[in-house]
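Here's work01.cif, which has mmCIF, C-alpha atoms and all ligand atoms:
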```
data_data
loop_
_atom_site.label_atom_id
_atom_site.label_comp_id
_atom_site.auth_asym_id
_atom_site.auth_seq_id
_atom_site.Cartn_x
_atom_site.Cartn_y
_atom_site.Cartn_z
CA MET A 18 0.00 0.00 0.00
CA SER A 19 1.19 3.49 -0.72
CA PHE A 20 1.75 6.17 1.90
CA LEU A 21 -1.55 7.85 1.05
CA ASP A 22 -3.60 4.67 1.14
CA TYR A 23 -1.99 3.86 4.43
CA LEU A 24 -3.01 7.19 5.95
CA LEU A 25 -6.49 7.26 4.49
CA GLY A 26 -7.14 3.56 4.77
CA THR A 27 -9.02 3.79 1.47
CA ARG A 28 -8.16 0.63 -0.42
CA LYS A 29 -9.76 -2.62 0.65
CA LYS A 30 -7.05 -4.72 2.18
CA THR A 31 -5.94 -7.40 -0.27
CA ALA A 32 -5.48 -9.88 2.58
CA THR A 33 -9.21 -9.62 3.32
CA VAL A 34 -10.02 -10.26 -0.32
CA ALA A 35 -7.67 -13.26 -0.30
CA LYS A 36 -9.30 -14.71 2.78
CA ASP A 37 -12.83 -14.32 1.40
CA ARG A 38 -11.90 -15.92 -1.92
CA LEU A 39 -10.16 -18.82 -0.22
CA GLN A 40 -13.09 -19.54 2.06
CA ILE A 41 -15.48 -19.75 -0.89
CA ILE A 42 -13.34 -21.94 -3.14
CA LEU A 43 -12.23 -24.26 -0.34
CA ALA A 44 -15.79 -24.78 0.86
CA ARG A 45 -16.61 -26.10 -2.60
CA GLU A 46 -13.47 -28.19 -2.97
CA ARG A 47 -14.10 -29.82 0.39
CA VAL A 48 -17.62 -30.82 -0.62
CA ASP A 49 -16.20 -32.34 -3.81
CA ARG A 50 -13.74 -34.41 -1.82
CA LYS A 51 -16.42 -35.85 0.44
CA GLY A 52 -18.65 -36.89 -2.44
CA PRO A 53 -17.97 -39.53 -5.06
CA ASP A 54 -15.01 -38.94 -7.38
CA PHE A 55 -17.18 -38.00 -10.33
CA LEU A 56 -18.79 -34.93 -8.73
CA PRO A 57 -16.28 -32.31 -9.93
CA GLU A 58 -16.31 -33.76 -13.43
CA LEU A 59 -20.10 -33.95 -13.44
CA ARG A 60 -20.29 -30.31 -12.52
CA GLN A 61 -17.75 -29.35 -15.16
CA GLU A 62 -19.67 -31.22 -17.86
CA LEU A 63 -22.99 -29.72 -16.75
CA LEU A 64 -21.39 -26.33 -16.94
CA GLN A 65 -20.22 -27.04 -20.48
CA VAL A 66 -23.68 -28.12 -21.60
CA ILE A 67 -25.41 -25.15 -20.00
CA SER A 68 -22.91 -22.66 -21.33
CA LYS A 69 -23.91 -23.67 -24.86
CA TYR A 70 -27.17 -21.83 -24.17
CA VAL A 71 -26.46 -19.24 -21.48
CA LYS A 72 -23.40 -17.55 -20.12
CA ILE A 73 -22.87 -18.92 -16.65
CA ASP A 74 -19.95 -19.44 -14.29
CA LEU A 75 -18.93 -22.27 -12.04
CA ASP A 76 -20.29 -20.68 -8.86
CA GLN A 77 -23.79 -20.79 -10.29
CA VAL A 78 -23.83 -24.55 -10.63
CA LYS A 79 -24.24 -26.27 -7.29
CA VAL A 80 -23.97 -30.02 -7.13
CA ASN A 81 -24.74 -31.63 -3.83
CA LEU A 82 -25.04 -35.17 -2.66
CA GLU A 83 -27.31 -35.67 0.33
CA HIS A 84 -27.89 -38.77 2.35
CA ASP A 85 -31.52 -39.42 3.16
CA GLY A 86 -32.02 -42.68 5.00
CA ASN A 87 -31.18 -45.39 2.52
CA PHE A 88 -31.19 -42.98 -0.40
CA GLU A 89 -28.60 -40.69 -1.82
CA VAL A 90 -30.06 -37.64 -3.45
CA LEU A 91 -28.09 -35.81 -6.09
CA GLU A 92 -29.22 -32.23 -5.99
CA LEU A 93 -28.45 -29.85 -8.82
CA ASN A 94 -29.05 -26.19 -8.41
CA ILE A 95 -28.37 -23.95 -11.37
CA VAL A 96 -28.98 -20.25 -11.10
CA LEU A 97 -29.51 -18.58 -14.47
CA PRO A 98 -28.41 -14.97 -14.85
CA GLU A 99 -31.18 -12.36 -14.78
CA SER A 100 -30.28 -10.81 -18.09
CA ILE A 101 -31.33 -13.96 -19.94
CA THR A 102 -34.60 -14.70 -18.28
CA GLY A 103 -35.82 -11.44 -16.83
CA THR A 104 -36.12 -12.93 -13.37
CA LYS A 105 -33.82 -15.32 -11.56
CA LYS A 106 -34.86 -18.86 -12.15
CA SER A 107 -33.70 -21.94 -10.52
CA VAL A 108 -33.66 -25.10 -12.57
CA LEU A 109 -33.73 -28.37 -10.75
CA MET B 16 7.72 -46.10 19.12
CA THR B 17 9.26 -44.61 16.01
CA LYS B 18 7.33 -41.75 14.46
CA VAL B 19 7.25 -41.09 10.72
CA ILE B 20 6.70 -37.41 9.93
CA VAL B 21 6.05 -36.10 6.43
CA VAL B 22 6.87 -32.49 5.58
CA THR B 23 4.49 -31.62 2.78
CA SER B 24 2.67 -28.75 1.09
CA GLY B 25 1.32 -29.45 -2.37
CA LYS B 26 2.75 -26.20 -3.65
CA GLY B 27 6.41 -25.96 -4.60
CA GLY B 28 9.02 -23.69 -3.13
CA VAL B 29 7.23 -22.94 0.13
CA GLY B 30 10.00 -24.18 2.44
CA LYS B 31 9.59 -27.96 2.80
CA THR B 32 13.27 -28.79 2.39
CA THR B 33 14.35 -25.86 4.54
CA SER B 34 11.91 -27.03 7.22
CA SER B 35 12.78 -30.74 6.92
CA SER B 36 16.47 -30.02 7.38
CA SER B 37 16.00 -27.77 10.40
CA PHE B 38 13.27 -29.87 11.98
CA ALA B 39 15.27 -33.10 11.65
CA SER B 40 18.40 -31.36 12.95
CA GLY B 41 16.42 -29.97 15.86
CA LEU B 42 15.10 -33.40 16.85
CA ALA B 43 18.64 -34.76 16.71
CA LEU B 44 20.00 -31.84 18.75
CA ARG B 45 17.45 -32.78 21.38
CA GLY B 46 18.97 -36.22 21.56
CA HIS B 47 16.63 -38.23 19.33
CA LYS B 48 17.98 -40.58 16.70
CA THR B 49 16.64 -39.09 13.50
CA ALA B 50 16.73 -39.97 9.80
CA VAL B 51 15.68 -37.53 7.10
CA ILE B 52 14.73 -38.88 3.68
CA ASP B 53 14.68 -36.87 0.46
CA PHE B 54 11.63 -38.06 -1.52
CA ASP B 55 12.24 -35.55 -4.31
CA VAL B 56 13.59 -38.16 -6.69
CA GLY B 57 15.10 -36.51 -9.76
CA LEU B 58 15.53 -33.16 -8.03
CA ARG B 59 17.78 -33.99 -5.10
CA ASN B 60 18.27 -30.91 -2.90
CA LEU B 61 18.17 -31.91 0.74
CA ASP B 62 21.84 -32.98 0.50
CA LEU B 63 22.83 -29.42 -0.48
CA ILE B 64 20.82 -27.78 2.29
CA MET B 65 22.31 -30.25 4.80
CA GLY B 66 25.80 -29.70 3.38
CA CYS B 67 26.49 -33.37 2.58
CA GLU B 68 26.28 -33.24 -1.22
CA ARG B 69 29.87 -34.33 -1.71
CA ARG B 70 29.43 -37.43 0.39
CA VAL B 71 26.55 -38.95 -1.57
CA VAL B 72 27.59 -42.37 -2.87
CA TYR B 73 24.35 -44.34 -2.82
CA ASP B 74 20.84 -42.97 -2.72
CA PHE B 75 17.25 -43.84 -1.77
CA VAL B 76 16.51 -45.47 -5.14
CA ASN B 77 19.64 -47.65 -4.87
CA VAL B 78 18.27 -48.92 -1.56
CA ILE B 79 14.78 -49.36 -3.02
CA ASN B 80 16.24 -51.45 -5.85
CA GLY B 81 18.45 -53.47 -3.55
CA GLU B 82 21.62 -52.07 -5.16
CA ALA B 83 22.88 -50.78 -1.81
CA THR B 84 22.11 -51.41 1.84
CA LEU B 85 20.61 -48.72 4.04
CA LYS B 86 23.81 -48.62 6.00
CA GLN B 87 25.78 -47.84 2.85
CA ALA B 88 23.39 -45.10 1.76
CA LEU B 89 22.76 -43.25 5.04
CA ILE B 90 25.04 -40.24 5.46
CA LYS B 91 25.95 -39.15 8.95
CA ASP B 92 25.33 -35.45 9.49
CA LYS B 93 28.36 -33.27 10.21
CA HIS B 94 26.61 -31.01 12.66
CA CYS B 95 24.65 -33.35 14.89
CA ASP B 96 25.47 -36.78 16.21
CA ASN B 97 22.08 -38.41 16.02
CA LEU B 98 21.20 -37.41 12.48
CA PHE B 99 21.42 -39.35 9.22
CA VAL B 100 20.45 -38.28 5.71
CA LEU B 101 19.07 -40.55 2.99
CA PRO B 102 19.54 -38.59 -0.25
CA ALA B 103 17.29 -38.77 -3.32
CA SER B 104 18.44 -40.08 -6.64
CA GLN B 105 19.19 -37.54 -9.35
CA THR B 106 19.06 -39.88 -12.29
CA ARG B 107 15.79 -41.73 -11.80
CA ASP B 108 12.25 -40.44 -11.76
CA LYS B 109 9.49 -40.59 -9.18
CA ASP B 110 8.14 -43.86 -10.56
CA ALA B 111 11.20 -45.55 -9.07
CA LEU B 112 9.36 -45.41 -5.74
CA ASP B 113 6.68 -47.95 -4.93
CA LYS B 114 4.62 -48.57 -1.81
CA GLU B 115 6.06 -51.95 -1.04
CA ASN B 116 9.74 -51.02 -1.22
CA VAL B 117 9.32 -47.63 0.45
CA GLY B 118 7.52 -49.50 3.24
CA ARG B 119 10.38 -51.95 3.52
CA VAL B 120 12.97 -49.15 3.84
CA ILE B 121 10.88 -47.28 6.40
CA ASN B 122 10.39 -50.42 8.45
CA GLU B 123 14.09 -51.07 8.44
CA LEU B 124 14.72 -47.50 9.61
CA ARG B 125 12.21 -47.98 12.42
CA ASP B 126 14.58 -50.45 14.05
CA SER B 127 17.24 -47.85 14.69
CA PHE B 128 15.59 -44.41 14.67
CA ASP B 129 13.16 -42.48 16.89
CA PHE B 130 12.03 -40.15 14.13
CA ILE B 131 11.91 -40.52 10.37
CA VAL B 132 11.37 -37.20 8.60
CA CYS B 133 10.17 -37.41 4.98
CA ASP B 134 10.88 -34.35 2.82
CA SER B 135 8.11 -34.47 0.21
CA PRO B 136 8.42 -33.16 -3.33
CA ALA B 137 5.88 -30.59 -4.51
CA GLY B 138 2.72 -31.70 -6.29
CA ILE B 139 0.29 -34.51 -5.64
CA GLU B 140 1.86 -37.18 -7.78
CA LYS B 141 3.75 -40.39 -7.02
CA GLY B 142 6.66 -38.87 -5.10
CA ALA B 143 4.43 -36.79 -2.85
CA LEU B 144 2.02 -39.69 -2.32
CA MET B 145 4.88 -42.02 -1.37
CA ALA B 146 6.30 -39.44 1.07
CA LEU B 147 3.02 -39.19 2.96
CA TYR B 148 1.78 -42.78 2.68
CA TYR B 149 3.46 -44.17 5.81
CA ALA B 150 3.24 -40.97 7.89
CA ASP B 151 2.06 -40.89 11.49
CA GLU B 152 2.21 -37.11 11.64
CA ALA B 153 2.42 -34.35 9.03
CA LEU B 154 3.88 -30.86 8.97
CA ILE B 155 1.82 -28.86 6.50
CA VAL B 156 4.18 -26.16 5.27
CA THR B 157 2.16 -23.16 4.15
CA ASN B 158 3.04 -19.67 2.99
CA PRO B 159 0.53 -16.91 3.78
CA GLU B 160 -0.54 -16.70 0.17
CA VAL B 161 -3.68 -17.91 -1.67
CA SER B 162 -2.28 -20.69 -3.82
CA SER B 163 -0.21 -22.15 -1.01
CA VAL B 164 -3.20 -22.22 1.37
CA ARG B 165 -5.39 -23.84 -1.25
CA ASP B 166 -2.77 -26.51 -2.02
CA SER B 167 -2.33 -27.20 1.70
CA ASP B 168 -6.05 -27.82 1.97
CA ARG B 169 -5.80 -30.22 -0.96
CA ILE B 170 -2.96 -32.08 0.73
CA LEU B 171 -5.02 -32.34 3.93
CA GLY B 172 -7.69 -34.07 1.85
CA ILE B 173 -5.11 -36.49 0.46
CA LEU B 174 -3.71 -37.27 3.93
CA ALA B 175 -7.24 -38.10 5.04
CA ALA B 176 -7.99 -40.31 2.04
CA LYS B 177 -4.84 -41.84 0.59
CA SER B 178 -2.44 -42.48 3.46
CA LYS B 179 -1.89 -45.91 4.93
CA ARG B 180 -3.59 -44.81 8.12
CA ALA B 181 -6.65 -43.81 6.08
CA GLU B 182 -6.64 -47.07 4.14
CA ASP B 183 -6.29 -49.12 7.32
CA GLY B 184 -9.06 -47.12 8.97
CA ILE B 185 -6.97 -46.43 12.05
CA GLU B 186 -6.36 -43.17 13.87
CA PRO B 187 -5.73 -40.47 11.23
CA ILE B 188 -2.40 -38.73 10.63
CA LYS B 189 -1.81 -36.01 13.20
CA GLU B 190 -1.63 -32.70 11.32
CA HIS B 191 0.46 -29.67 12.25
CA LEU B 192 0.36 -26.31 10.52
CA LEU B 193 3.76 -24.72 9.89
CA ILE B 194 3.50 -21.24 8.41
CA THR B 195 6.76 -20.18 6.77
CA ARG B 196 8.10 -17.06 5.06
CA TYR B 197 5.83 -14.93 7.23
CA SER B 198 6.22 -11.19 7.17
CA PRO B 199 4.58 -9.66 10.25
CA ARG B 200 4.89 -6.19 8.76
CA ARG B 201 3.03 -7.08 5.59
CA ALA B 202 0.38 -8.99 7.50
CA ALA B 203 -0.15 -5.98 9.77
CA ALA B 204 -0.50 -3.79 6.70
CA GLY B 205 -3.19 -6.08 5.34
CA GLU B 206 -1.05 -7.06 2.37
CA MET B 207 -0.56 -10.63 3.45
CA LEU B 208 -2.82 -13.23 5.04
CA SER B 209 -2.24 -13.18 8.79
CA VAL B 210 -1.50 -16.19 10.99
CA PRO B 211 -5.07 -16.23 12.39
CA ASP B 212 -6.45 -16.00 8.82
CA VAL B 213 -4.50 -19.05 7.63
CA GLN B 214 -5.32 -20.94 10.81
CA GLU B 215 -9.00 -20.17 10.49
CA ILE B 216 -9.12 -21.27 6.86
CA LEU B 217 -7.21 -24.54 7.29
CA SER B 218 -8.40 -25.21 10.86
CA ILE B 219 -5.58 -27.49 11.96
CA PRO B 220 -3.41 -26.91 15.05
CA LEU B 221 -0.58 -24.39 14.58
CA LEU B 222 2.87 -25.80 15.31
CA GLY B 223 4.81 -22.67 14.50
CA VAL B 224 5.50 -19.63 12.38
CA ILE B 225 8.84 -19.11 10.64
CA PRO B 226 9.44 -15.49 9.67
CA GLU B 227 10.82 -14.52 6.27
CA THR B 228 14.50 -14.15 7.16
CA GLU B 229 17.67 -13.47 5.19
CA ALA B 230 19.51 -15.97 7.33
CA VAL B 231 17.69 -18.82 5.52
CA LEU B 232 19.44 -18.07 2.23
CA GLN B 233 22.78 -17.71 4.00
CA ALA B 234 22.23 -21.04 5.73
CA SER B 235 21.59 -22.77 2.43
CA ASN B 236 24.61 -21.06 0.91
CA ALA B 237 26.71 -22.55 3.70
CA GLY B 238 24.99 -25.94 3.76
CA ILE B 239 24.18 -25.63 7.46
CA PRO B 240 20.48 -25.85 8.36
CA VAL B 241 19.27 -22.50 9.69
CA ILE B 242 18.32 -24.02 13.06
CA HIS B 243 22.05 -23.95 13.88
CA ASP B 244 22.02 -20.15 13.47
CA ILE B 245 20.67 -19.37 16.92
CA GLU B 246 21.13 -15.64 16.36
CA SER B 247 18.56 -15.62 13.59
CA ASN B 248 14.79 -15.36 14.01
CA ALA B 249 14.25 -18.32 11.74
CA GLY B 250 16.72 -20.46 13.69
CA GLN B 251 15.00 -19.63 16.96
CA ALA B 252 11.57 -20.17 15.46
CA TYR B 253 12.59 -23.66 14.27
CA ARG B 254 13.92 -24.48 17.75
CA ASP B 255 10.54 -23.47 19.16
CA VAL B 256 8.81 -25.67 16.59
CA VAL B 257 10.85 -28.70 17.66
CA ALA B 258 10.19 -28.02 21.35
CA ARG B 259 6.44 -27.74 20.72
CA PHE B 260 6.51 -30.91 18.65
CA LEU B 261 8.13 -32.67 21.61
CA GLY B 262 5.26 -31.54 23.79
CA GLU B 263 6.65 -28.41 25.42
CA ASP B 264 4.50 -25.36 25.93
CA VAL B 265 6.41 -22.62 24.12
CA PRO B 266 4.70 -19.31 23.25
CA MET B 267 4.64 -18.17 19.61
CA ARG B 268 7.24 -15.56 18.69
CA PHE B 269 7.99 -13.31 15.71
CA LEU B 270 4.31 -12.67 15.01
CA THR B 271 4.41 -8.90 15.24
CA ALA B 272 6.40 -6.33 13.32
CA ASP B 273 9.39 -4.63 14.92
CA LYS B 274 8.70 -1.14 16.18
CA LYS B 275 11.33 0.27 13.83
CA GLY B 276 9.28 -1.18 10.99
CA PHE B 277 6.97 1.81 11.32
CA PHE B 278 9.20 4.10 9.29
CA SER B 279 9.78 1.64 6.52
CA ARG B 280 6.03 1.14 6.45
CA LEU B 281 5.50 4.88 6.05
CA PHE B 282 7.77 4.97 3.06
CA GLY B 283 6.34 1.82 1.57
CA ALA B 284 9.62 -0.08 1.82
N1 LIG C 1 11.75 -18.46 6.29
C1 LIG C 1 12.31 -18.17 5.10
N2 LIG C 1 12.81 -16.95 4.84
C2 LIG C 1 13.38 -16.66 3.66
N3 LIG C 1 13.50 -17.51 2.65
C3 LIG C 1 13.02 -18.77 2.82
C4 LIG C 1 12.41 -19.16 4.05
N4 LIG C 1 12.04 -20.48 3.93
C5 LIG C 1 12.40 -20.87 2.69
N5 LIG C 1 13.01 -19.85 2.02
C6 LIG C 1 13.56 -19.89 0.65
O1 LIG C 1 12.54 -20.34 -0.21
C7 LIG C 1 13.08 -21.13 -1.26
C8 LIG C 1 12.38 -22.47 -1.31
O2 LIG C 1 12.65 -23.19 -0.12
P1 LIG C 1 12.69 -24.76 -0.08
O3 LIG C 1 13.64 -25.31 -1.09
O4 LIG C 1 12.87 -25.16 1.33
O5 LIG C 1 11.20 -25.08 -0.55
P2 LIG C 1 10.56 -26.47 -0.97
O6 LIG C 1 9.15 -26.41 -0.52
O7 LIG C 1 11.39 -27.60 -0.47
O8 LIG C 1 10.66 -26.41 -2.56
P3 LIG C 1 10.33 -27.63 -3.59
O9 LIG C 1 8.84 -27.69 -3.67
O10 LIG C 1 10.96 -27.19 -4.86
O11 LIG C 1 10.93 -28.88 -3.00
C9 LIG C 1 14.57 -21.25 -0.99
O12 LIG C 1 15.25 -20.32 -1.78
C10 LIG C 1 14.68 -20.90 0.48
O13 LIG C 1 15.93 -20.32 0.78
MG MG C 2 12.20 -29.33 -1.52
#
```
Here is a file; write its structure as structure tokens.
Ligand SMILES: Nc1ncnc2c1ncn2[C@@H]1O[C@H](COP(=O)(O)OP(=O)(O)OP(=O)(O)O)[C@@H](O)[C@H]1O
Ligand SMILES: [Mg+2]
Amino acid sequence: MSFLDYLLGTRKKTATVAKDRLQIILARERVDRKGPDFLPELRQELLQVISKYVKIDLDQVKVNLEHDGNFEVLELNIVLPESITGTKKSVL
Amino acid sequence: MTKVIVVTSGKGGVGKTTSSSSFASGLALRGHKTAVIDFDVGLRNLDLIMGCERRVVYDFVNVINGEATLKQALIKDKHCDNLFVLPASQTRDKDALDKENVGRVINELRDSFDFIVCDSPAGIEKGALMALYYADEALIVTNPEVSSVRDSDRILGILAAKSKRAEDGIEPIKEHLLITRYSPRRAAAGEMLSVPDVQEILSIPLLGVIPETEAVLQASNAGIPVIHDIESNAGQAYRDVVARFLGEDVPMRFLTADKKGFFSRLFGA
């Protein structure tokens, strides 16, 4: 940080940005590790299919595996950007 | 009971070899019979940092392949009595290591050593997997920087899934966070992740913090692990790390910037 930034405390501290980014990405990577091996690949392929139609990034595709008694439920949650659909839609 | 300790990180160049050499030396200085193994097959470096590069005759891969005995390959350290170095091969690649033979060598070492320190190569491939497979405890070497923290988290996942302890379903590898190349001044200025930040993100117990110190480069120039430089911050910090590892209650040091740092901070130095 420059002298001025230091005095005024204007710029957002990059360490805070780093911490926030890490917490988000690691939360996702940890979920991937707990699930079956194919989860990250599944998400990547879903993303590729969807991005043929709408512009979307990885954060908007949530893949979750839940245990429910004897069942395992694969939950997909894909948030489409507003610009495409007018309102936010969730596709299950 | 012999303990096998892997020094690992995922990311390259964060201080694994520097830490392995000082940590192993520190255990030996405290009277424990210690062996340190270079798992970085193809990129041997531990020998240089330990200052024994001219005495390498046989290496780890020679022992793996039965071309030399352990006794022939182990190099006695010049600076501490209880320390032996098993250097990596420079001519083979990481595929020269396999579970069965690495296990055989480690078991043989168990007979005569209290601690076996495994200096892991970077990455998550064969060499790194072999270095951590037999570990009882792990030092996760992490720099306060995004890619290093992320890779450390990845390695924690691998320790929990792919180690022998994980496969056998017994008590998991005991994990220790070792933050290296820390600059208290930059952390205070908000330019670098702080110790509490890294600890919070990785949530494993903190074993120690090694400050970014010029003495580390000088130690590697000389081939004497920095722990022998008791004048230096890094040397003292490594001694603290060893004491904590051995169960002593030693407070953390070198976490805050020097007072005189204020002026250099003002001028952005
Ligand atoms: N506390 C420190 N202060 C200053 N420099 C350091 C410190 N720790 C390590 N270094 C420097 O960082 C560089 C990398 O260190 P080192 O070789 O120990 O890392 P490594 O993790 O073993 O690397 P690799 O992944 O290639 O095996 C070296 O130049 C070393 O001198
Ligand atoms: Mg190294």
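Here the question is which of B:Ser218, B:Asn77, B:Gln105, B:Ser135 gets nearest to Val51 in chain B using all atoms listed in the file, and that residue is B:Ser135.
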May I have the residues of chain B within 9 Å of chain A, counting all atoms listed in the file, written as a tab-separated table (two decimals) with C-alpha atoms, in the coordinates of the input?
```
chain	number	residue	atom	x	y	z
B	160	GLU	CA	-0.54	-16.70	0.17
B	161	VAL	CA	-3.68	-17.91	-1.67
B	162	SER	CA	-2.28	-20.69	-3.82
B	164	VAL	CA	-3.20	-22.22	1.37
B	165	ARG	CA	-5.39	-23.84	-1.25
B	168	ASP	CA	-6.05	-27.82	1.97
B	169	ARG	CA	-5.80	-30.22	-0.96
B	172	GLY	CA	-7.69	-34.07	1.85
B	202	ALA	CA	0.38	-8.99	7.50
B	204	ALA	CA	-0.50	-3.79	6.70
B	205	GLY	CA	-3.19	-6.08	5.34
B	206	GLU	CA	-1.05	-7.06	2.37
B	207	MET	CA	-0.56	-10.63	3.45
B	208	LEU	CA	-2.82	-13.23	5.04
B	209	SER	CA	-2.24	-13.18	8.79
B	212	ASP	CA	-6.45	-16.00	8.82
B	213	VAL	CA	-4.50	-19.05	7.63
B	216	ILE	CA	-9.12	-21.27	6.86
B	280	ARG	CA	6.03	1.14	6.45
B	281	LEU	CA	5.50	4.88	6.05
B	282	PHE	CA	7.77	4.97	3.06
B	283	GLY	CA	6.34	1.82	1.57
```
Could you tell me how far atom N2 of ligand LIG 1 (chain C) sits from CA of Lys26 in chain B, in Å to one decimal place? 16.1 Å
As number ranges by chain, please: every protein or nucleic acid residue near ligand MG 2 (chain C) (cut-off 8 Å, counting only C-alpha atoms and all ligand atoms). B: 27-28, 30-33, 55, 60-61, 134-137
Please check which protein, DNA or RNA residues sit within 10 Å of ligand LIG 1 (chain C), counting only C-alpha atoms and all ligand atoms, and write them as a PyMOL selection string. chain B and resi 22-37+53-55+58-61+64+134-138+156-158+194-198+224-236+241+248-250+252-253
Would you mind reading off the distance between CA of Ile185 in chain B and CA of Asp126 in chain B, one decimal, in Å? 22.0 Å
How many Å separate CA of Val56 in chain B from CA of Ala103 in chain B?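 CA of Val56 in chain B sits 5.0 Å away from CA of Ala103 in chain B.
Comparing the minimum interatomic distances between Val117 in chain B and each of B:Arg180, B:Gln87, B:Ile52, B:Phe130, counting only C-alpha atoms, we find that B:Ile52 sits nearest.
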Looking at all atoms listed in the file, which of A:Leu97, A:Val90, A:Val80, A:Ile67 is the one that sits closest to Phe55 in chain A?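 Between A:Leu97, A:Val90, A:Val80, A:Ile67, the residue approaching Phe55 in chain A most closely is A:Val80.
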Can you list, as a list of chain:residue names, every protein, DNA or RNA residue that comes within 10 Å of Val48 in chain A when you count all atoms listed in the file, leaving out same-chain residues fewer than 5 positions away?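 Near Val48 in chain A, the qualifying residues are A:Leu43, A:Pro53, A:Leu56, A:Pro57, A:Val80, A:Asn81, A:Leu82.
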